[in-house]
Amino acid sequence: MKVLVINAGSSSLKFQLIETDTEAVLAKGVCERIGIDGSTLKASAKSSVKIDSPMPTHREAIKLVLDMLVDPVNGVISSMSEIAAVGHRVLHSAEDFSDSTLITPETLKIIESNVDLGPLHMPPNIIGIKACREVMPDVPMVAVFDTTFHSTMPDYAYMYAIDYDDYKKYKVRKYGFHGTSHAYVSGRASALCGTEKLKTVVCHLGNGASVSAVKDGKCVDTSMGLTPLEGLVMGTRCGDIDPAVIEYLMAKKGYDVHQMTDYLNKKCGVLGVSGVSSDFRDLEAAFESGNARAKLAVDMFAYRVKKYVGSYAAAMGGLDCLVFTGGIGEHTVCVREAVCRDMEFLGIVLDEKKNAAPPRDTEIEIGAKKSKVRIFIIPTNEELYIARETLKHKDD
């Protein structure tokens, strides 16, 4: 059975066609510059494909993707009827959904009502859904949310200490994000350990970064909050910060609320601290050349991750498994080493040789033999998770 996975952005549309029987990726690619001059489809199917074509809206982008998939030369299916379902990545579930859901007129209205909780991502997510429904009206479609894996958090973990009436009225609470990655990776950790009865900390470390505490397969806490701004120091996001800093800087810099939000999301993090880059490859090269601010940025990032690992071990009453994933988690040796350094008291002991040169894109255990906590690098696969969820819910 073939499932088309769609991740729609404001001017882009990423896709994968997955054969769920074998979980093989038959085709994948991205439509870029939707609604802008110079729009292009870049894909990998039977061969590499690049198509320059006007895409005024996401509808034209979807149509172009489907035409490519059935193309006699480059296509991988004979007709659109082979696509059994479409899985849409959707940012926010609010408190309305605790699982992936079949998209119906009713559920779509609920999804639309939560745009305020994700004003940057939710509108293009919804546009992608509507465009697909126009082009493929008879194909079941499923919304797979970034937030629902974290819906199992207890109230004392997701609540903020604000007026309770404001929580109820405005839906202000911790929701968490990267849920498709945390769900996939924690599931793989359970499989590798041979049991779901685990206390696992998942470190999804990329330009956007988050940590989750997963106990017996269920999330009990996570670092991101109402928005992806809370939690770790990230590529360009500040992470946890004293709220009074915001008002103070607004006054000093003469910013309005929109300028300040842009500043906190796009000009802070390791980019703001280092003054070099948000890319850890650039930061590593800079601090190895003696750049003190680049070293400070990396140290701050790793220190914040380490603090979350320790706090989540405390929250779960112990730790059985520590997992690194995401671009930084999988590929940045010094970050994994810094997070695990001096953590023997928790049972975390890294195998330095395995950590220094792990094979790329491979699940590998990097804990020392004496480590009481199992330590893994597990490449994430959010598209596969979305495909699995789509298959599970397409007949709901």
# chains A, B, ... in the order shown; residues from 1 in each chain; ligands from 1
>>> select_by_dssp(residues="range 30-278 of chain A", states="strand (DSSP E or B)", output="PyMOL selection string")
chain A and resi 30-32+40-44+48-52+83-90+101-102+141-145+199-205+209-215+218-222
>>> select_by_dssp(residues="range 28-92 of chain A", states="helix (DSSP H, G or I)", output="JSON, numbers by chain")
{"A": [58, 59, 60, 61, 62, 63, 64, 65, 66, 67, 68, 69, 80, 81, 82]}
>>> residues_around(residues="Asn207 in chain A", least_positions_apart="3", cutoff="9 Å", atoms="only C-alpha atoms", output="list in words")
Met234, Gly235, Thr236, Arg237, Ser278, Asp279, Phe280, Gly326, Gly327 and Ile328 of chain A
>>> residues_around(residues="range 8-20 of chain A", least_positions_apart="6", cutoff="7 Å", atoms="only C-alpha atoms", output="ChimeraX atom specification")
/A:1-2,26-35,121,124-125,128
>>> residues_around(residues="Ala302 in chain A", least_positions_apart="2", cutoff="9 Å", atoms="only C-alpha atoms", output="VMD selection string")
chain A and resid 233 297 to 300 304 to 307 334 to 339
>>> residues_around(residues="Thr148 in chain A", least_positions_apart="6", cutoff="10 Å", atoms="only C-alpha atoms", output="NGL selection string")
:A and (91-100 or 175-180 or 183 or 219)
>>> decode(residues="range 317-348 of chain A", atoms="N, CA and C atoms", output="mmCIF file, in the first residue's frame")
data_model
loop_
_atom_site.group_PDB
_atom_site.id
_atom_site.type_symbol
_atom_site.label_atom_id
_atom_site.label_comp_id
_atom_site.auth_asym_id
_atom_site.auth_seq_id
_atom_site.Cartn_x
_atom_site.Cartn_y
_atom_site.Cartn_z
ATOM 1 N N GLY A 317 12.324 9.311 37.773
ATOM 2 C CA GLY A 317 12.821 8.442 38.824
ATOM 3 C C GLY A 317 13.911 7.510 38.357
ATOM 4 N N GLY A 318 14.688 7.960 37.379
ATOM 5 C CA GLY A 318 15.789 7.140 36.873
ATOM 6 C C GLY A 318 15.921 7.279 35.375
ATOM 7 N N LEU A 319 16.900 6.597 34.817
ATOM 8 C CA LEU A 319 17.166 6.679 33.383
ATOM 9 C C LEU A 319 17.721 5.346 32.904
ATOM 10 N N ASP A 320 17.107 4.805 31.848
ATOM 11 C CA ASP A 320 17.571 3.558 31.251
ATOM 12 C C ASP A 320 18.247 3.775 29.904
ATOM 13 N N CYS A 321 17.822 4.827 29.200
ATOM 14 C CA CYS A 321 18.237 4.970 27.809
ATOM 15 C C CYS A 321 18.351 6.451 27.437
ATOM 16 N N LEU A 322 19.428 6.824 26.763
ATOM 17 C CA LEU A 322 19.651 8.179 26.279
ATOM 18 C C LEU A 322 19.876 8.105 24.778
ATOM 19 N N VAL A 323 19.106 8.907 24.032
ATOM 20 C CA VAL A 323 19.170 8.828 22.570
ATOM 21 C C VAL A 323 19.462 10.194 21.976
ATOM 22 N N PHE A 324 20.378 10.214 20.995
ATOM 23 C CA PHE A 324 20.678 11.423 20.226
ATOM 24 C C PHE A 324 20.160 11.248 18.807
ATOM 25 N N THR A 325 19.476 12.290 18.314
ATOM 26 C CA THR A 325 18.987 12.272 16.936
ATOM 27 C C THR A 325 19.001 13.701 16.406
ATOM 28 N N GLY A 326 18.625 13.881 15.139
ATOM 29 C CA GLY A 326 18.680 15.193 14.511
ATOM 30 C C GLY A 326 20.073 15.462 13.969
ATOM 31 N N GLY A 327 20.209 16.503 13.147
ATOM 32 C CA GLY A 327 21.477 16.780 12.488
ATOM 33 C C GLY A 327 22.642 16.928 13.437
ATOM 34 N N ILE A 328 22.451 17.667 14.534
ATOM 35 C CA ILE A 328 23.520 17.852 15.521
ATOM 36 C C ILE A 328 23.679 16.599 16.364
ATOM 37 N N GLY A 329 22.575 16.043 16.815
ATOM 38 C CA GLY A 329 22.637 14.847 17.658
ATOM 39 C C GLY A 329 23.316 13.674 16.975
ATOM 40 N N GLU A 330 23.122 13.553 15.667
ATOM 41 C CA GLU A 330 23.692 12.433 14.924
ATOM 42 C C GLU A 330 25.129 12.680 14.488
ATOM 43 N N HIS A 331 25.491 13.952 14.232
ATOM 44 C CA HIS A 331 26.749 14.211 13.534
ATOM 45 C C HIS A 331 27.768 15.057 14.287
ATOM 46 N N THR A 332 27.423 15.609 15.457
ATOM 47 C CA THR A 332 28.354 16.506 16.139
ATOM 48 C C THR A 332 28.932 15.812 17.361
ATOM 49 N N VAL A 333 30.144 15.320 17.200
ATOM 50 C CA VAL A 333 30.813 14.509 18.218
ATOM 51 C C VAL A 333 30.980 15.284 19.518
ATOM 52 N N CYS A 334 31.424 16.543 19.413
ATOM 53 C CA CYS A 334 31.738 17.303 20.630
ATOM 54 C C CYS A 334 30.508 17.583 21.472
ATOM 55 N N VAL A 335 29.341 17.700 20.864
ATOM 56 C CA VAL A 335 28.119 17.939 21.626
ATOM 57 C C VAL A 335 27.740 16.698 22.420
ATOM 58 N N ARG A 336 27.754 15.539 21.781
ATOM 59 C CA ARG A 336 27.433 14.299 22.514
ATOM 60 C C ARG A 336 28.419 14.087 23.657
ATOM 61 N N GLU A 337 29.704 14.354 23.398
ATOM 62 C CA GLU A 337 30.714 14.176 24.435
ATOM 63 C C GLU A 337 30.479 15.123 25.607
ATOM 64 N N ALA A 338 30.141 16.376 25.293
ATOM 65 C CA ALA A 338 29.915 17.369 26.359
ATOM 66 C C ALA A 338 28.674 17.047 27.181
ATOM 67 N N VAL A 339 27.622 16.571 26.526
ATOM 68 C CA VAL A 339 26.391 16.225 27.245
ATOM 69 C C VAL A 339 26.636 15.070 28.208
ATOM 70 N N CYS A 340 27.442 14.092 27.793
ATOM 71 C CA CYS A 340 27.658 12.890 28.602
ATOM 72 C C CYS A 340 28.799 13.025 29.607
ATOM 73 N N ARG A 341 29.590 14.088 29.497
ATOM 74 C CA ARG A 341 30.750 14.246 30.380
ATOM 75 C C ARG A 341 30.291 14.428 31.830
ATOM 76 N N ASP A 342 30.968 13.767 32.753
ATOM 77 C CA ASP A 342 30.698 13.876 34.190
ATOM 78 C C ASP A 342 29.275 13.457 34.556
ATOM 79 N N MET A 343 28.728 12.512 33.793
ATOM 80 C CA MET A 343 27.376 12.021 34.074
ATOM 81 C C MET A 343 27.406 10.586 34.597
ATOM 82 N N GLU A 344 28.584 10.138 35.062
ATOM 83 C CA GLU A 344 28.691 8.772 35.577
ATOM 84 C C GLU A 344 27.759 8.539 36.761
ATOM 85 N N PHE A 345 27.489 9.588 37.530
ATOM 86 C CA PHE A 345 26.609 9.436 38.694
ATOM 87 C C PHE A 345 25.205 9.019 38.294
ATOM 88 N N LEU A 346 24.842 9.290 37.037
ATOM 89 C CA LEU A 346 23.546 8.856 36.508
ATOM 90 C C LEU A 346 23.649 7.522 35.770
ATOM 91 N N GLY A 347 24.879 6.991 35.678
ATOM 92 C CA GLY A 347 25.078 5.747 34.937
ATOM 93 C C GLY A 347 25.386 5.954 33.480
ATOM 94 N N ILE A 348 25.672 7.208 33.067
ATOM 95 C CA ILE A 348 25.966 7.527 31.670
ATOM 96 C C ILE A 348 27.479 7.546 31.464
#
